[in-house]
>>> print(open('query-v3.txt').read())   # compact mmCIF, C-alpha atoms
# COMPACT_ATOMS: atom_id res chain seq x y z
CA MET A 1 -26.99 3.35 -1.10
CA PRO A 2 -23.34 2.35 -1.34
CA CYS A 3 -22.59 -1.12 -0.09
CA ARG A 4 -18.85 -1.19 0.06
CA VAL A 5 -17.78 -3.70 2.63
CA SER A 6 -16.33 -2.00 5.69
CA ARG A 7 -16.76 1.40 4.04
CA LEU A 8 -18.52 2.65 7.12
CA ALA A 9 -15.78 1.27 9.33
CA ARG A 10 -13.14 3.01 7.26
CA SER A 11 -15.00 6.29 7.07
CA VAL A 12 -15.67 6.33 10.78
CA ILE A 13 -12.01 5.76 11.57
CA ALA A 14 -10.97 8.42 9.10
CA TYR A 15 -13.50 10.89 10.42
CA TYR A 16 -12.60 10.33 14.03
CA PRO A 17 -8.80 10.06 14.27
CA GLU A 18 -7.65 7.09 16.31
CA SER A 19 -6.98 7.71 19.96
CA ASP A 20 -3.68 6.62 21.49
CA MET A 21 -5.23 4.91 24.44
CA ALA A 22 -8.50 3.55 25.58
CA LYS A 23 -9.87 6.05 28.00
CA ILE A 24 -12.93 8.10 28.45
CA GLU A 25 -12.41 11.69 27.46
CA SER A 26 -14.86 14.51 27.39
CA GLY A 27 -16.93 14.13 24.28
CA THR A 28 -16.27 10.39 23.96
CA ARG A 29 -19.85 9.49 24.78
CA GLU A 30 -21.15 11.90 22.17
CA GLU A 31 -18.66 10.49 19.67
CA VAL A 32 -19.77 6.92 20.42
CA ARG A 33 -23.40 7.94 20.21
CA LYS A 34 -22.88 9.52 16.78
CA ILE A 35 -21.07 6.47 15.44
CA VAL A 36 -23.73 4.07 16.75
CA TYR A 37 -26.57 6.10 15.27
CA GLU A 38 -24.85 6.50 11.90
CA PHE A 39 -23.96 2.81 11.86
CA PHE A 40 -27.49 1.53 12.40
CA ALA A 41 -28.98 4.13 10.07
CA GLU A 42 -26.73 2.94 7.25
CA GLU A 43 -26.84 -0.77 8.01
CA CYS A 44 -30.59 -0.93 8.47
CA GLU A 45 -31.33 1.57 5.71
CA VAL A 46 -33.42 3.84 7.93
CA SER A 47 -33.32 7.57 8.48
CA ILE A 48 -31.23 8.61 11.47
CA GLU A 49 -34.12 10.82 12.59
CA ASN A 50 -36.20 7.69 13.14
CA LEU A 51 -33.73 6.25 15.63
CA HIS A 52 -33.76 6.90 19.37
CA GLU A 53 -32.23 5.45 22.52
CA GLY A 54 -35.17 3.07 22.94
CA THR A 55 -35.04 1.67 19.40
CA ASN A 56 -34.73 -2.10 19.65
CA VAL A 57 -32.10 -3.19 17.15
CA ILE A 58 -33.46 -6.71 16.77
CA LYS A 59 -37.20 -6.09 16.83
CA ASP A 60 -37.48 -2.62 15.34
CA LEU A 61 -34.59 -2.66 12.87
CA GLU A 62 -34.37 -6.39 12.13
CA GLY A 63 -30.72 -6.22 13.04
CA ASP A 64 -28.57 -9.18 13.92
CA SER A 65 -25.50 -10.22 15.85
CA LEU A 66 -23.23 -9.64 12.86
CA MET A 67 -24.06 -5.94 13.04
CA PHE A 68 -23.03 -5.88 16.66
CA LEU A 69 -19.80 -7.67 15.76
CA GLU A 70 -19.07 -5.09 13.09
CA LEU A 71 -19.74 -2.25 15.49
CA LEU A 72 -17.39 -3.82 18.01
CA GLU A 73 -14.66 -4.07 15.40
CA ILE A 74 -15.13 -0.40 14.55
CA PHE A 75 -14.63 0.60 18.18
CA LYS A 76 -11.74 -1.82 18.68
CA LYS A 77 -9.89 -0.17 15.81
CA LYS A 78 -10.87 3.37 16.65
CA TYR A 79 -9.87 3.25 20.30
CA GLY A 80 -7.19 0.57 20.02
CA LEU A 81 -9.08 -1.55 22.52
CA ASP A 82 -7.68 -4.67 24.12
CA ILE A 83 -10.86 -6.69 24.21
CA GLU A 84 -11.70 -10.25 23.23
CA LEU A 85 -15.06 -10.82 21.58
CA LYS A 86 -15.81 -13.70 23.90
CA THR A 87 -15.31 -11.44 26.90
CA VAL A 88 -17.98 -9.18 25.48
CA GLY A 89 -20.10 -12.26 24.78
CA LYS A 90 -19.92 -13.35 28.40
CA TYR A 91 -20.90 -9.86 29.50
CA VAL A 92 -23.83 -9.78 27.06
CA VAL A 93 -25.20 -13.04 28.44
CA LYS A 94 -25.55 -11.33 31.81
CA HIS A 95 -26.43 -7.90 30.48
CA PRO A 96 -28.28 -8.15 27.15
CA ALA A 97 -28.08 -4.97 25.10
CA GLU A 98 -30.83 -4.78 22.52
CA THR A 99 -31.65 -1.09 22.35
CA ILE A 100 -29.48 1.62 20.88
CA GLY A 101 -29.22 3.24 24.31
CA ALA A 102 -28.07 -0.03 25.89
CA ILE A 103 -25.52 -0.58 23.14
CA ILE A 104 -24.09 2.91 23.65
CA HIS A 105 -23.91 2.27 27.38
CA MET A 106 -22.17 -1.06 26.90
CA THR A 107 -19.75 0.44 24.39
CA MET A 108 -18.78 3.06 26.94
CA LEU A 109 -18.13 0.30 29.47
CA ILE A 110 -16.01 -1.61 26.97
CA ILE A 111 -13.95 1.49 26.16
CA GLU A 112 -13.46 2.18 29.84
CA HIS A 113 -12.82 -1.32 31.12
CA GLU A 114 -11.72 -3.33 28.06
CA ASN A 115 -11.22 -6.99 29.04
CA ARG A 116 -11.94 -6.12 32.64
CA ILE A 117 -15.57 -5.72 31.66
CA SER A 118 -15.98 -9.38 32.61
CA GLU A 119 -15.41 -8.35 36.24
CA ILE A 120 -18.46 -6.12 36.21
CA VAL A 121 -21.35 -7.89 37.88
CA MET B 1 -14.95 3.77 -27.09
CA ILE B 2 -13.38 6.21 -24.63
CA PRO B 3 -13.18 9.78 -25.96
CA ASP B 4 -9.71 11.31 -26.23
CA GLY B 5 -8.52 13.02 -23.09
CA LEU B 6 -10.66 10.99 -20.71
CA PRO B 7 -9.02 8.38 -18.50
CA ALA B 8 -9.99 4.78 -19.11
CA VAL B 9 -12.48 3.52 -16.56
CA GLU B 10 -10.95 0.75 -14.53
CA LYS B 11 -13.08 -2.34 -14.97
CA LYS B 12 -14.11 -4.43 -12.03
CA ARG B 13 -13.04 -8.03 -11.80
CA THR B 14 -16.30 -9.66 -10.97
CA ALA B 15 -17.55 -12.83 -9.34
CA SER B 16 -21.15 -13.95 -9.13
CA ILE B 17 -22.00 -15.63 -5.85
CA PHE B 18 -25.13 -17.58 -5.01
CA PRO B 19 -26.77 -17.94 -1.59
CA ALA B 20 -28.38 -21.01 -0.06
CA PHE B 21 -31.85 -21.52 1.33
CA GLY B 22 -32.48 -20.38 4.86
CA CYS B 23 -31.36 -16.82 4.18
CA ARG B 24 -33.67 -13.98 5.12
CA TYR B 25 -35.16 -12.21 2.11
CA LEU B 26 -35.44 -8.46 1.69
CA GLY B 27 -39.18 -8.96 1.33
CA ASN B 28 -39.66 -7.24 -2.00
CA GLU B 29 -37.64 -9.49 -4.31
CA THR B 30 -40.61 -10.34 -6.48
CA GLY B 31 -41.36 -6.66 -7.08
CA ILE B 32 -37.76 -5.66 -7.75
CA LEU B 33 -37.16 -8.52 -10.15
CA GLY B 34 -40.52 -7.99 -11.82
CA ASP B 35 -39.61 -4.36 -12.47
CA MET B 36 -36.25 -5.36 -13.94
CA SER B 37 -37.34 -8.10 -16.33
CA ALA B 38 -39.80 -10.88 -17.04
CA ASP B 39 -37.28 -13.54 -16.06
CA LEU B 40 -38.77 -14.35 -12.67
CA HIS B 41 -42.23 -14.76 -14.17
CA GLU B 42 -40.96 -16.94 -16.99
CA LEU B 43 -38.80 -19.10 -14.73
CA LEU B 44 -41.60 -19.45 -12.19
CA GLY B 45 -43.80 -20.84 -14.95
CA ARG B 46 -41.15 -23.41 -15.77
CA ALA B 47 -40.63 -24.25 -12.08
CA GLY B 48 -44.38 -24.68 -11.76
CA GLU B 49 -44.40 -27.22 -14.55
CA ALA B 50 -41.32 -29.03 -13.29
CA VAL B 51 -41.85 -29.16 -9.53
CA GLY B 52 -45.15 -27.41 -8.78
CA LEU B 53 -43.73 -24.17 -7.39
CA THR B 54 -46.34 -21.39 -7.55
CA GLY B 55 -46.49 -17.64 -7.14
CA ASP B 56 -48.79 -18.11 -4.15
CA MET B 57 -46.09 -20.14 -2.40
CA LEU B 58 -43.62 -17.31 -2.92
CA ALA B 59 -46.11 -14.66 -1.86
CA GLY B 60 -46.87 -16.60 1.31
CA SER B 61 -43.29 -16.31 2.52
CA PRO B 62 -42.00 -12.90 1.38
CA TYR B 63 -39.11 -13.03 3.84
CA GLY B 64 -38.08 -16.54 2.87
CA ASP B 65 -39.50 -18.15 6.00
CA PHE B 66 -40.87 -21.20 4.21
CA SER B 67 -42.04 -24.00 6.48
CA ASP B 68 -40.95 -26.61 3.97
CA GLU B 69 -37.22 -27.07 3.28
CA LEU B 70 -37.66 -28.29 -0.26
CA THR B 71 -39.88 -25.35 -1.25
CA SER B 72 -37.37 -23.03 0.37
CA GLN B 73 -34.61 -24.53 -1.79
CA TYR B 74 -36.66 -24.22 -4.97
CA ALA B 75 -37.47 -20.61 -4.15
CA VAL B 76 -33.91 -19.45 -3.55
CA TYR B 77 -32.80 -21.25 -6.70
CA LEU B 78 -35.58 -19.59 -8.70
CA TYR B 79 -34.70 -16.09 -7.50
CA SER B 80 -31.00 -16.76 -8.02
CA CYS B 81 -31.50 -17.90 -11.59
CA ALA B 82 -33.66 -14.85 -12.32
CA VAL B 83 -30.90 -12.54 -11.05
CA SER B 84 -28.36 -14.53 -13.04
CA ASN B 85 -30.32 -13.87 -16.23
CA ILE B 86 -30.44 -10.14 -15.49
CA VAL B 87 -26.73 -10.01 -14.73
CA LYS B 88 -25.88 -11.74 -17.97
CA ARG B 89 -28.29 -9.71 -20.05
CA SER B 90 -26.76 -6.52 -18.68
CA GLY B 91 -23.54 -7.70 -20.28
CA MET B 92 -21.62 -8.46 -17.13
CA TYR B 93 -18.92 -11.06 -17.37
CA SER B 94 -18.22 -13.26 -14.37
CA ASP B 95 -14.54 -13.98 -13.85
CA TYR B 96 -15.68 -16.52 -11.28
CA ALA B 97 -18.87 -17.98 -9.91
CA ALA B 98 -19.37 -19.78 -6.61
CA GLY B 99 -22.30 -21.18 -4.70
CA TYR B 100 -22.80 -21.21 -0.96
CA SER B 101 -23.97 -24.76 -0.18
CA MET B 102 -26.95 -25.53 -2.47
CA GLY B 103 -26.23 -22.18 -4.17
CA LEU B 104 -23.96 -24.39 -6.27
CA TYR B 105 -26.91 -25.38 -8.46
CA ALA B 106 -27.64 -21.76 -9.38
CA ALA B 107 -23.93 -21.12 -9.93
CA LEU B 108 -23.90 -24.01 -12.39
CA TYR B 109 -27.00 -22.62 -14.11
CA HIS B 110 -25.25 -19.24 -14.32
CA ALA B 111 -22.22 -20.90 -15.89
CA GLU B 112 -24.49 -22.76 -18.31
CA SER B 113 -23.21 -26.09 -17.10
CA ILE B 114 -26.72 -27.31 -16.31
CA THR B 115 -30.17 -26.14 -17.40
CA PHE B 116 -32.75 -24.53 -15.12
CA GLU B 117 -34.79 -27.73 -15.03
CA GLN B 118 -31.73 -29.88 -14.34
CA GLY B 119 -31.02 -27.67 -11.34
CA LEU B 120 -34.54 -28.25 -10.01
CA ASP B 121 -34.12 -31.99 -10.53
CA CYS B 122 -30.80 -31.92 -8.66
CA ILE B 123 -32.38 -30.07 -5.74
CA ARG B 124 -35.26 -32.53 -5.49
CA THR B 125 -33.06 -35.60 -5.86
CA ALA B 126 -30.46 -34.40 -3.37
CA TYR B 127 -33.19 -33.49 -0.91
CA ASP B 128 -34.86 -36.91 -1.18
CA LEU B 129 -31.56 -38.76 -0.78
CA ILE B 130 -30.48 -36.63 2.15
CA ARG B 131 -33.80 -37.01 3.93
CA SER B 132 -33.68 -40.75 3.36
CA ASP B 133 -30.27 -40.92 5.02
CA ALA B 134 -31.12 -38.49 7.80
CA SER B 135 -34.47 -39.93 8.80
CA ALA B 136 -32.95 -42.55 11.10
CA ARG B 137 -32.01 -40.00 13.78
CA ASP B 138 -32.75 -36.46 14.83
CA PHE B 139 -30.07 -34.36 13.25
CA GLY B 140 -29.58 -30.64 13.52
CA MET B 141 -27.44 -27.69 12.62
CA GLY B 142 -26.43 -24.61 14.54
CA LEU B 143 -24.64 -21.32 14.05
CA ILE B 144 -22.00 -19.99 16.43
CA SER B 145 -20.88 -16.37 16.07
CA GLY B 146 -18.21 -14.47 17.95
CA LEU B 147 -15.80 -17.25 18.91
CA PRO B 148 -12.54 -18.06 17.16
CA GLN B 149 -12.54 -21.28 15.16
CA SER B 150 -10.09 -22.89 17.59
CA ASP B 151 -12.60 -22.42 20.42
CA VAL B 152 -15.43 -23.86 18.34
CA LYS B 153 -13.25 -26.88 17.49
CA GLU B 154 -12.51 -27.38 21.16
CA LEU B 155 -16.19 -27.20 22.06
CA ILE B 156 -17.33 -29.71 19.45
CA SER B 157 -14.52 -32.14 20.25
CA ARG B 158 -16.59 -33.29 23.21
CA SER B 159 -19.05 -34.98 20.84
CA LYS B 160 -17.66 -37.22 18.13
CA ASP B 161 -20.61 -36.74 15.82
CA LEU B 162 -20.28 -32.97 15.60
CA GLU B 163 -18.48 -31.26 12.75
CA ILE B 164 -17.84 -27.71 11.65
CA VAL B 165 -19.50 -27.88 8.25
CA ASN B 166 -18.86 -24.31 7.19
CA ALA B 167 -16.80 -21.28 8.12
CA ASN B 168 -18.84 -18.30 6.98
CA ASN B 169 -16.12 -15.82 7.88
CA ARG B 170 -13.66 -15.30 10.71
CA HIS B 171 -16.44 -15.01 13.31
CA SER B 172 -19.19 -17.37 12.23
CA PHE B 173 -19.29 -21.17 12.02
CA LEU B 174 -21.92 -23.77 11.22
CA VAL B 175 -21.92 -27.02 13.17
CA SER B 176 -23.80 -30.16 12.32
CA GLY B 177 -24.54 -33.51 13.97
CA TYR B 178 -27.06 -35.16 16.28
CA ASP B 179 -29.58 -32.55 17.24
CA GLU B 180 -29.27 -33.04 21.00
CA ASN B 181 -25.51 -32.53 20.76
CA VAL B 182 -25.92 -29.52 18.50
CA ARG B 183 -28.20 -27.94 21.09
CA ASP B 184 -25.73 -28.78 23.87
CA VAL B 185 -22.78 -27.26 22.04
CA LEU B 186 -24.76 -24.11 21.28
CA ALA B 187 -25.50 -23.71 24.97
CA ALA B 188 -21.85 -24.33 25.83
CA ALA B 189 -20.75 -21.81 23.22
CA LYS B 190 -23.00 -19.17 24.73
CA LEU B 191 -21.47 -19.74 28.16
CA HIS B 192 -18.03 -19.64 26.57
CA GLY B 193 -18.71 -16.15 25.26
CA ALA B 194 -20.25 -16.58 21.82
CA LEU B 195 -22.02 -13.36 20.95
CA ASN B 196 -24.75 -15.30 19.25
CA THR B 197 -25.83 -18.88 18.79
CA GLN B 198 -28.72 -20.03 16.70
CA HIS B 199 -30.31 -23.42 16.33
CA LEU B 200 -31.26 -23.68 12.68
CA ALA B 201 -34.54 -25.12 11.50
CA PHE B 202 -32.86 -27.71 9.29
CA ARG B 203 -33.58 -31.36 9.87
CA SER B 204 -30.60 -32.76 7.97
CA PRO B 205 -26.87 -32.61 8.70
CA TYR B 206 -25.93 -31.02 5.40
CA HIS B 207 -22.27 -31.26 4.36
CA SER B 208 -21.44 -33.83 7.03
CA ARG B 209 -20.07 -37.35 6.82
CA PHE B 210 -23.53 -38.65 7.73
CA MET B 211 -24.38 -37.89 4.11
CA ASN B 212 -21.81 -40.28 2.59
CA LYS B 213 -24.42 -42.70 1.28
CA ALA B 214 -26.53 -39.87 -0.12
CA ALA B 215 -23.46 -38.42 -1.84
CA ASP B 216 -22.70 -41.73 -3.56
CA ALA B 217 -26.29 -42.05 -4.77
CA PHE B 218 -26.33 -38.42 -5.89
CA ARG B 219 -23.14 -38.90 -7.87
CA GLU B 220 -24.74 -41.84 -9.62
CA TYR B 221 -27.81 -39.74 -10.40
CA CYS B 222 -25.76 -36.81 -11.69
CA SER B 223 -23.53 -39.04 -13.79
CA GLY B 224 -26.61 -39.71 -15.93
CA MET B 225 -27.09 -36.00 -16.57
CA ARG B 226 -25.70 -34.06 -19.49
CA ILE B 227 -23.35 -31.64 -17.76
CA TYR B 228 -21.61 -29.05 -19.92
CA ASP B 229 -18.25 -27.47 -19.26
CA PRO B 230 -18.99 -24.23 -17.41
CA ILE B 231 -18.53 -21.00 -19.38
CA TYR B 232 -17.30 -19.27 -16.21
CA ARG B 233 -14.77 -20.64 -13.77
CA ILE B 234 -16.56 -22.10 -10.76
CA VAL B 235 -14.72 -22.03 -7.45
CA SER B 236 -15.52 -25.07 -5.33
CA ALA B 237 -16.71 -24.19 -1.84
CA VAL B 238 -15.55 -27.66 -0.81
CA ASP B 239 -11.88 -27.45 -1.73
CA ARG B 240 -11.40 -24.12 -3.59
CA ARG B 241 -10.49 -25.88 -6.82
CA VAL B 242 -11.30 -24.00 -9.98
CA ILE B 243 -13.82 -26.08 -11.89
CA GLU B 244 -13.63 -25.88 -15.66
CA THR B 245 -14.95 -29.18 -16.97
CA GLY B 246 -18.15 -31.17 -16.74
CA GLU B 247 -16.29 -33.99 -15.00
CA GLU B 248 -15.09 -31.59 -12.32
CA VAL B 249 -18.64 -30.28 -11.94
CA LEU B 250 -19.84 -33.83 -11.30
CA ASN B 251 -17.22 -34.31 -8.58
CA ASP B 252 -18.19 -31.07 -6.91
CA LEU B 253 -21.92 -31.83 -7.04
CA ALA B 254 -21.30 -35.07 -5.16
CA GLY B 255 -18.67 -33.64 -2.80
CA ASN B 256 -20.96 -30.77 -1.87
CA ILE B 257 -23.36 -33.24 -0.26
CA ASN B 258 -21.06 -34.86 2.30
CA HIS B 259 -18.09 -32.54 2.70
CA ALA B 260 -17.72 -29.45 4.80
CA ILE B 261 -17.57 -26.26 2.84
CA ASN B 262 -15.59 -23.15 3.68
CA TRP B 263 -17.16 -19.96 2.38
CA HIS B 264 -14.54 -17.78 4.04
CA GLU B 265 -11.74 -19.47 2.11
CA THR B 266 -13.81 -19.54 -1.09
CA MET B 267 -14.28 -15.78 -0.98
CA SER B 268 -10.67 -15.24 0.05
CA TYR B 269 -9.50 -17.27 -2.92
CA MET B 270 -11.43 -15.10 -5.35
CA ILE B 271 -10.28 -11.90 -3.63
CA SER B 272 -6.67 -13.03 -3.83
CA SER B 273 -7.26 -13.75 -7.52
CA GLY B 274 -8.12 -10.11 -8.07
CA VAL B 275 -11.90 -10.06 -7.71
CA ASP B 276 -13.02 -6.68 -6.40
CA ALA B 277 -16.74 -6.85 -7.12
CA PHE B 278 -19.05 -9.62 -6.01
CA ILE B 279 -22.63 -9.85 -7.18
CA GLU B 280 -24.89 -11.69 -4.79
CA CYS B 281 -27.29 -13.37 -7.19
CA GLY B 282 -30.29 -14.29 -5.11
CA PRO B 283 -32.77 -13.14 -2.55
CA GLY B 284 -31.71 -11.26 0.59
CA LYS B 285 -28.20 -10.12 1.36
CA SER B 286 -26.81 -12.92 3.50
CA LEU B 287 -23.54 -13.21 1.57
CA TYR B 288 -23.10 -9.44 1.65
CA LYS B 289 -23.37 -9.58 5.44
CA MET B 290 -20.96 -12.49 5.78
CA ALA B 291 -18.42 -10.66 3.64
CA LYS B 292 -18.11 -7.88 6.19
CA PHE B 293 -15.82 -10.16 8.17
CA ILE B 294 -13.70 -11.30 5.27
CA ASP B 295 -10.53 -9.31 4.67
CA GLY B 296 -9.86 -7.54 1.40
CA ASP B 297 -10.69 -4.48 -0.64
CA PHE B 298 -13.86 -5.37 -2.48
CA ASP B 299 -17.53 -4.52 -2.88
CA VAL B 300 -20.50 -6.83 -2.62
CA TYR B 301 -23.60 -5.86 -4.57
CA TYR B 302 -26.97 -7.42 -3.86
CA LEU B 303 -30.37 -7.04 -5.43
CA HIS B 304 -31.05 -3.57 -4.00
CA THR B 305 -27.70 -2.23 -5.19
CA LEU B 306 -27.19 -4.18 -8.39
CA ASN B 307 -28.20 -1.21 -10.50
CA ASN B 308 -25.40 0.84 -8.90
CA LEU B 309 -22.89 -1.57 -10.40
CA ILE B 310 -24.61 -1.79 -13.77
CA SER B 311 -24.78 2.00 -14.10
CA SER B 312 -21.23 2.53 -12.84
CA GLY B 313 -19.74 1.75 -16.23
CA ARG B 314 -17.10 -0.27 -14.44
CA ILE B 315 -18.44 -3.70 -15.24
CA CYS B 316 -16.38 -6.00 -17.35
CA SER B 317 -18.36 -7.24 -20.34
CA HIS B 318 -17.96 -10.50 -22.21
CA ALA B 319 -16.33 -8.47 -24.99
CA ASP B 320 -13.82 -7.02 -22.49
CA ALA B 321 -13.08 -10.51 -21.24
CA LEU B 322 -12.40 -11.72 -24.78
CA LYS B 323 -9.98 -8.85 -25.29
CA GLY B 324 -8.22 -10.01 -22.12
>>> encode(input="query-v3.txt", output="structure tokens")
Amino acid sequence: MPCRVSRLARSVIAYYPESDMAKIESGTREEVRKIVYEFFAEECEVSIENLHEGTNVIKDLEGDSLMFLELLEIFKKKYGLDIELKTVGKYVVKHPAETIGAIIHMTMLIIEHENRISEIV
Amino acid sequence: MIPDGLPAVEKKRTASIFPAFGCRYLGNETGILGDMSADLHELLGRAGEAVGLTGDMLAGSPYGDFSDELTSQYAVYLYSCAVSNIVKRSGMYSDYAAGYSMGLYAALYHAESITFEQGLDCIRTAYDLIRSDASARDFGMGLISGLPQSDVKELISRSKDLEIVNANNRHSFLVSGYDENVRDVLAAAKLHGALNTQHLAFRSPYHSRFMNKAADAFREYCSGMRIYDPIYRIVSAVDRRVIETGEEVLNDLAGNINHAINWHETMSYMISSGVDAFIECGPGKSLYKMAKFIDGDFDVYYLHTLNNLISSGRICSHADALKG
């Protein structure tokens, strides 16, 4: 398996041309879902067919926070998001996202609300 | 020799990097290394004679979760030296070598500045001196991920004993000091928006000023050792100096005990010097993961992917290096 640093980030951005603005368009959720699945399949060296919405990234895939950080950077670049990591961190304290489904959901919220995600209770 | 008509293969500029204890192993290091060569077996025999490390100890903690810090340090050093042997036997030249924290000992072994047994002695001596200094109080270390360094500095400024003792990359920082204050700052960091905080199971404030006495004693110990000039340039994780003589090695061995290191800057230095392939010589892939948040166009190969580099034909050999 190739292990080029940020290769996945670069390939994802090349595959999905960068949007001009952060907004939810039709197909965005499916796009996010595809990226998240491909990301964890590559990072955790598992087959994408073995992943599902309920897969726990920490317990089932032995993932870590650095993976989540990398995923966030991918989406920041792809959608040109105005979002501070610590804003996401504050949100995660209140709304932990450990499964692939929860991470997709949170990513959609970040794309939609950017830094205003901190206002979501 | 490249046949006529074929383009020359661009050689990688390579650095060998060495992890510290505490990293999570892949779990099958013993099998992978055993399939590649007899180095691990041979070195384990020597480590058994020197410090009592056994195969059962390794087998009991396949993921590197040793309950004993000293055994954990011996183990990561052993695996790192075994990978080093394989890298060198495959003909790969290291333009640079660098060690993350106690990975320095394996980097020095790789650069033939110290012997395998000297490295084990250094680990044991440093550990004893550090524990002696740290036993007076409860010390601790913690990891903060997802905050900028300026925010981490602000958070630790509330406790005079706390220090940032390593910047792993642009998102991840190690803090060290009195354990109660480490725990407090981790909690504060979480509230401040850190994506992750982790209290580490280390009982000593490695790389902090609390280790000044231990560093002096360790320098004295090391000054009695025969230290050779390294055959590869070592980049100091303490101050990014390029180490080329035995005397400079001695200074770095001592400085590594009581000075903060900066892995982010160490990697960045090598990248800016043209390195585009790093070989993580050791168990796990902790340095590979850290490198994801270090800017530059480079690859990091670890044990699972080392063969990809070897078979790529793009490695720079010692003969290539001699040709310049």
>>> atom_distance(input="query-v3.txt", atom1="CA of Ile83 (chain A)", atom2="CA of Val36 (chain A)")
18.4 Å
>>> closest_residue(input="query-v3.txt", among="A:His105, A:Lys76, A:His113, A:Lys94", to="chain B", atoms="only C-alpha atoms")
A:Lys94
>>> interface_residues(input="query-v3.txt", of="chain B", to="chain A", cutoff="7 Å", atoms="all atoms listed in the file", output="VMD selection string")
chain B and resid 146 to 147 191 to 196 292 298 to 301 305
>>> closest_residue(input="query-v3.txt", among="A:Ile104, A:Ile110, A:Val32, A:Ile48", to="Asp82 (chain A)", atoms="all atoms listed in the file")
A:Ile110
>>> closest_residue(input="query-v3.txt", among="B:Cys122, B:Leu70, B:Leu162, B:Met211", to="Ser223 (chain B)", atoms="all atoms listed in the file")
B:Cys122
>>> residues_around(input="query-v3.txt", residues="Phe139 (chain B)", least_positions_apart="5", cutoff="9 Å", atoms="all atoms listed in the file", output="MDAnalysis selection string")
chainID B and resid 134 176:182 202:205
>>> residues_around(input="query-v3.txt", residues="Tyr105 (chain B)", least_positions_apart="5", cutoff="9 Å", atoms="only C-alpha atoms", output="PDB file with C-alpha atoms, in the frame of the given file")
ATOM      1  CA  PHE B  18     -25.130 -17.580  -5.010  1.00  0.00           C
ATOM      2  CA  TYR B  77     -32.800 -21.250  -6.700  1.00  0.00           C
ATOM      3  CA  GLY B  99     -22.300 -21.180  -4.700  1.00  0.00           C
ATOM      4  CA  HIS B 110     -25.250 -19.240 -14.320  1.00  0.00           C
ATOM      5  CA  ILE B 114     -26.720 -27.310 -16.310  1.00  0.00           C
ATOM      6  CA  PHE B 116     -32.750 -24.530 -15.120  1.00  0.00           C
ATOM      7  CA  GLN B 118     -31.730 -29.880 -14.340  1.00  0.00           C
ATOM      8  CA  GLY B 119     -31.020 -27.670 -11.340  1.00  0.00           C
ATOM      9  CA  LEU B 120     -34.540 -28.250 -10.010  1.00  0.00           C
ATOM     10  CA  CYS B 122     -30.800 -31.920  -8.660  1.00  0.00           C
ATOM     11  CA  ILE B 123     -32.380 -30.070  -5.740  1.00  0.00           C
ATOM     12  CA  LEU B 253     -21.920 -31.830  -7.040  1.00  0.00           C
TER      13      LEU B 253
END
>>> residues_around(input="query-v3.txt", residues="region 38-40 of chain B", least_positions_apart="2", cutoff="8 Å", atoms="all atoms listed in the file", output="list in words")
Thr30, Leu33, Gly34, Asp35, Met36, Glu42, Leu43, Leu44, Leu78, Tyr79, Ala82, Asn85 and Ile86 of chain B
>>> residues_around(input="query-v3.txt", residues="Ser84 (chain B)", least_positions_apart="3", cutoff="7 Å", atoms="all atoms listed in the file", output="list in words")
Ser80, Cys81, Val87, Lys88, His110 and Cys281 of chain B
>>> write_last_selection(input="query-v3.txt", atoms="C-alpha atoms", output="mmCIF file, in the coordinates of the input")
data_model
loop_
_atom_site.group_PDB
_atom_site.id
_atom_site.type_symbol
_atom_site.label_atom_id
_atom_site.label_comp_id
_atom_site.auth_asym_id
_atom_site.auth_seq_id
_atom_site.Cartn_x
_atom_site.Cartn_y
_atom_site.Cartn_z
ATOM 1 C CA SER B 80 -31.000 -16.760 -8.020
ATOM 2 C CA CYS B 81 -31.500 -17.900 -11.590
ATOM 3 C CA VAL B 87 -26.730 -10.010 -14.730
ATOM 4 C CA LYS B 88 -25.880 -11.740 -17.970
ATOM 5 C CA HIS B 110 -25.250 -19.240 -14.320
ATOM 6 C CA CYS B 281 -27.290 -13.370 -7.190
#
>>> atom_distance(input="query-v3.txt", atom1="CA of Ile103 (chain A)", atom2="CA of Ser172 (chain B)")
21.0 Å
>>> atom_distance(input="query-v3.txt", atom1="CA of Glu62 (chain A)", atom2="CA of Gly22 (chain B)")
15.9 Å
>>> decode(input="query-v3.txt", residues="region 186-191 of chain B", atoms="N, CA and C atoms", output="JSON list (two decimals), in the first residue's frame")
[["chain", "number", "residue", "atom", "x", "y", "z"],
["B", 186, "LEU", "N", -4.35, 19.45, 30.80],
["B", 186, "LEU", "CA", -5.03, 18.62, 29.80],
["B", 186, "LEU", "C", -6.54, 18.86, 29.84],
["B", 187, "ALA", "N", -7.06, 18.97, 31.04],
["B", 187, "ALA", "CA", -8.50, 19.24, 31.18],
["B", 187, "ALA", "C", -8.83, 20.61, 30.61],
["B", 188, "ALA", "N", -7.97, 21.59, 30.91],
["B", 188, "ALA", "CA", -8.21, 22.95, 30.39],
["B", 188, "ALA", "C", -8.12, 22.98, 28.87],
["B", 189, "ALA", "N", -7.18, 22.22, 28.34],
["B", 189, "ALA", "CA", -7.01, 22.17, 26.88],
["B", 189, "ALA", "C", -8.26, 21.59, 26.21],
["B", 190, "LYS", "N", -8.82, 20.60, 26.83],
["B", 190, "LYS", "CA", -10.03, 19.98, 26.27],
["B", 190, "LYS", "C", -11.16, 21.02, 26.23],
["B", 191, "LEU", "N", -11.31, 21.76, 27.31],
["B", 191, "LEU", "CA", -12.36, 22.79, 27.34],
["B", 191, "LEU", "C", -12.08, 23.90, 26.34]]
